[in-house]
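Enquirer: Please see the structure below; I have some questions.
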Amino acid sequence: MAEHGAHITTASVVDDQPSIFEVVAQDSLMSAVRPALQHVVKVLAESNPAHFGFFWRWFDEIFTLLDLLLQQHYLSKTSASFSENFYGLKRIVMGDQHRLQRLASAGLPKQQLMKSIMFLVLLPYLKVKLEKLVSSLREEDEYSIHPPSSRWKRFYRAFLAAYPFVNMAWEGWFLVQQLRYILGKVQHHSPLLRLAGVRLGRLTVQDIQALEHKSAKASMMQLPAGSIGEKIKSALKKAVGGVALSLSTGLSVGVFFLQFLEWWYSSENQETIKTLTALPSPPPPVHLDYNSDSPLLPKMKTVCPLCRKNRVNDTVLATSGYVFCYRCVFNYVRSHQACPITGYPTEVQHLIKLYSPEN
């Protein structure tokens, strides 16, 4: 039995082919870093919205830009992404007659480099945006923002109905590829690697020595620049390299801490903590006098602070406790990701419908 299953942990197609455990571990590394960093930014934005709210609102774009610098640095210097290099792997060009002589320190060719960046950076960004779009459309569909006869409403309802099946087919494609990789039928555990024209292999002793030699040589060599253009180009190159090196060093040091944060704030772990530390529900807050001095709040309690009219479809914002018309606060939160009164960072899912005894 052990001999029959030995191919799962050892190379079966190519001598330097990593095991399924190595490739799955490196795949999950960056997917764990993102939510951990997102939680850190969220905590900072909630503690100081004026200074850190920008980073929360534009987190996806900022993370994608930093990820682009990080992955480009590693792909061009080590022929591997950050997570692949972290686990001692490299990308080998398929169909390259000189792949056995090509060292990881040579970097990937331009074509494979651009394809790898597209699948490592651009594709995850588009997927995150698509998931947020689906979540937003579901919110609109639930609260009937558009009239029932709207063509747009019928279109996005069809889109919402088809999205789970498309996502299931996408995930199933990757699962089938991983199963074939385990059985030794293919050299790629991910279809994206095949589309990029590369496969994963382990770093050899020659690769490690070449990388160490290249790093030592780069730190010692200082070539004098000639013209002003060359000086500017050299300075920009050093700045980009310094940012990428700082990111890689910081992530290498903090990767396990970030993974711990991702696990600690996961929904499953939080449910366990709540069951272990459950306390009785606190009593409702005492009635407070209405603050009529604030210029942002209307004097009458039944008036919406945004449209200054009697509220329709009363909705409370859980992050601050203020009540608005649903359409007013929904459009404001979706555009600004903040409470209109307090400025606290918030999202659409923090809107709660209020029901009075009359209805």
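By order of appearance in the structure tokens: chains A, B, ..., then residues from 1 within every chain, and ligands from 1 in the order shown.
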Mind listing the helix (DSSP H, G or I) residues of region 22-151 of chain A, per DSSP on the backbone, as a VMD selection string?
Expert: chain A and resid 22 to 47 49 to 57 59 to 78 82 to 86 104 to 106 110 to 143 151
Enquirer: Output C-alpha atoms of each residue in that selection to a file, as a short mmCIF file (atom, residue, chain, number, x, y, z; two decimals), in the first residue's frame.
Expert:
```cif
data_model
loop_
_atom_site.label_atom_id
_atom_site.label_comp_id
_atom_site.auth_asym_id
_atom_site.auth_seq_id
_atom_site.Cartn_x
_atom_site.Cartn_y
_atom_site.Cartn_z
CA GLU A 22 4.25 21.59 -1.59
CA VAL A 23 2.28 23.11 -4.47
CA VAL A 24 -0.94 23.39 -2.44
CA ALA A 25 0.97 25.01 0.45
CA GLN A 26 2.52 27.64 -1.81
CA ASP A 27 -0.86 28.30 -3.45
CA SER A 28 -2.50 28.97 -0.08
CA LEU A 29 0.28 31.29 1.13
CA MET A 30 -0.74 34.45 -0.76
CA SER A 31 -4.44 33.67 -0.33
CA ALA A 32 -3.83 33.73 3.45
CA VAL A 33 -1.75 36.92 3.35
CA ARG A 34 -4.48 38.98 1.66
CA PRO A 35 -7.28 38.62 4.29
CA ALA A 36 -4.76 39.06 7.11
CA LEU A 37 -3.52 42.35 5.65
CA GLN A 38 -7.10 43.38 4.95
CA HIS A 39 -8.01 42.89 8.59
CA VAL A 40 -5.02 44.97 9.72
CA VAL A 41 -6.05 47.81 7.39
CA LYS A 42 -9.66 47.57 8.58
CA VAL A 43 -8.60 47.88 12.23
CA LEU A 44 -6.48 50.94 11.39
CA ALA A 45 -9.30 52.52 9.39
CA GLU A 46 -11.78 52.01 12.22
CA SER A 47 -9.37 53.50 14.75
CA PRO A 49 -10.86 57.02 9.57
CA ALA A 50 -9.34 60.35 8.56
CA HIS A 51 -5.83 58.96 8.08
CA PHE A 52 -6.38 55.30 7.18
CA GLY A 53 -9.81 55.34 5.55
CA PHE A 54 -8.18 55.84 2.14
CA PHE A 55 -6.25 52.58 2.48
CA TRP A 56 -9.45 50.69 3.34
CA ARG A 57 -11.43 52.13 0.44
CA PHE A 59 -7.28 48.25 -0.46
CA ASP A 60 -7.76 46.05 -3.54
CA GLU A 61 -5.88 48.44 -5.82
CA ILE A 62 -3.06 49.11 -3.34
CA PHE A 63 -2.62 45.40 -2.60
CA THR A 64 -2.59 44.61 -6.33
CA LEU A 65 0.10 47.25 -6.98
CA LEU A 66 2.30 45.95 -4.16
CA ASP A 67 1.69 42.37 -5.28
CA LEU A 68 2.72 43.36 -8.81
CA LEU A 69 6.03 44.79 -7.59
CA LEU A 70 6.65 41.76 -5.39
CA GLN A 71 5.87 39.11 -8.00
CA GLN A 72 7.75 40.94 -10.79
CA HIS A 73 10.84 41.13 -8.57
CA TYR A 74 10.81 37.42 -7.75
CA LEU A 75 9.89 36.22 -11.24
CA SER A 76 12.71 38.24 -12.83
CA LYS A 77 15.29 37.43 -10.14
CA THR A 78 14.48 33.88 -9.04
CA PHE A 82 7.10 34.93 -3.87
CA SER A 83 5.27 31.90 -2.45
CA GLU A 84 7.01 29.47 -4.82
CA ASN A 85 10.42 30.81 -3.86
CA PHE A 86 9.43 30.65 -0.19
CA ALA A 104 16.71 30.17 -11.48
CA SER A 105 18.88 33.29 -11.16
CA ALA A 106 18.48 33.94 -14.90
CA LYS A 110 9.76 38.00 -21.15
CA GLN A 111 6.79 36.11 -22.61
CA GLN A 112 6.46 33.69 -19.70
CA LEU A 113 7.12 36.55 -17.27
CA MET A 114 4.21 38.61 -18.58
CA LYS A 115 1.86 35.62 -18.62
CA SER A 116 2.86 34.66 -15.07
CA ILE A 117 2.25 38.21 -13.79
CA MET A 118 -1.15 38.29 -15.50
CA PHE A 119 -2.26 35.02 -13.86
CA LEU A 120 -0.66 35.78 -10.48
CA VAL A 121 -1.75 39.41 -10.06
CA LEU A 122 -4.37 40.56 -12.57
CA LEU A 123 -6.60 37.47 -12.51
CA PRO A 124 -7.02 37.41 -8.66
CA TYR A 125 -7.80 41.15 -8.72
CA LEU A 126 -10.53 40.67 -11.34
CA LYS A 127 -11.93 37.72 -9.38
CA VAL A 128 -12.16 39.77 -6.18
CA LYS A 129 -13.92 42.57 -8.05
CA LEU A 130 -16.33 40.10 -9.63
CA GLU A 131 -17.20 38.61 -6.24
CA LYS A 132 -17.86 42.10 -4.83
CA LEU A 133 -20.04 42.90 -7.85
CA VAL A 134 -22.06 39.72 -7.30
CA SER A 135 -22.48 40.56 -3.61
CA SER A 136 -23.62 44.09 -4.48
CA LEU A 137 -26.10 42.84 -7.07
CA ARG A 138 -27.53 40.38 -4.55
CA GLU A 139 -28.03 43.22 -2.09
CA GLU A 140 -29.85 45.25 -4.73
CA ASP A 141 -31.98 42.28 -5.74
CA GLU A 142 -32.92 41.56 -2.13
CA TYR A 143 -34.04 45.11 -1.42
CA ARG A 151 -34.41 45.05 -18.18
#
```
Enquirer: Find, counting only C-alpha atoms, the residue in A:Val312, A:Val329, A:Val205, A:Leu195 that gets nearest to Gly88 (chain A).
Expert: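 Of A:Val312, A:Val329, A:Val205, A:Leu195, the one nearest Gly88 (chain A), counting only C-alpha atoms, is A:Val205.
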Enquirer: Could you tell me how far CA of Val303 (chain A) sits from CA of Ser356 (chain A), in Å to one decimal place?
Expert: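 Between CA of Ser356 (chain A) and CA of Val303 (chain A) the gap is 15.5 Å.
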Enquirer: Step one, run DSSP on the backbone; step two, keep only residues of region 68-105 of chain A assigned to strand (DSSP E); then write them as a ChimeraX atom specification.
Expert: /A:89-93
Enquirer: Using only C-alpha atoms, which of the listed residues (A:Lys309, A:Leu203, A:Cys304, A:Leu351) sits closest to Arg91 (chain A)?
Expert: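 With only C-alpha atoms as the atom set, the closest residue is A:Leu203.
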Enquirer: Using CA of Thr346 (chain A) and CA of Pro305 (chain A) as the two end points, give the distance in Å to one decimal.
Expert: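 Pair CA of Thr346 (chain A) / CA of Pro305 (chain A) returns 17.0 Å.
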Enquirer: Enter the distance from CA of Phe330 (chain A) to CA of Asp314 (chain A), in Å, rounded to one decimal.
Expert: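 Those two atoms sit 11.4 Å apart.
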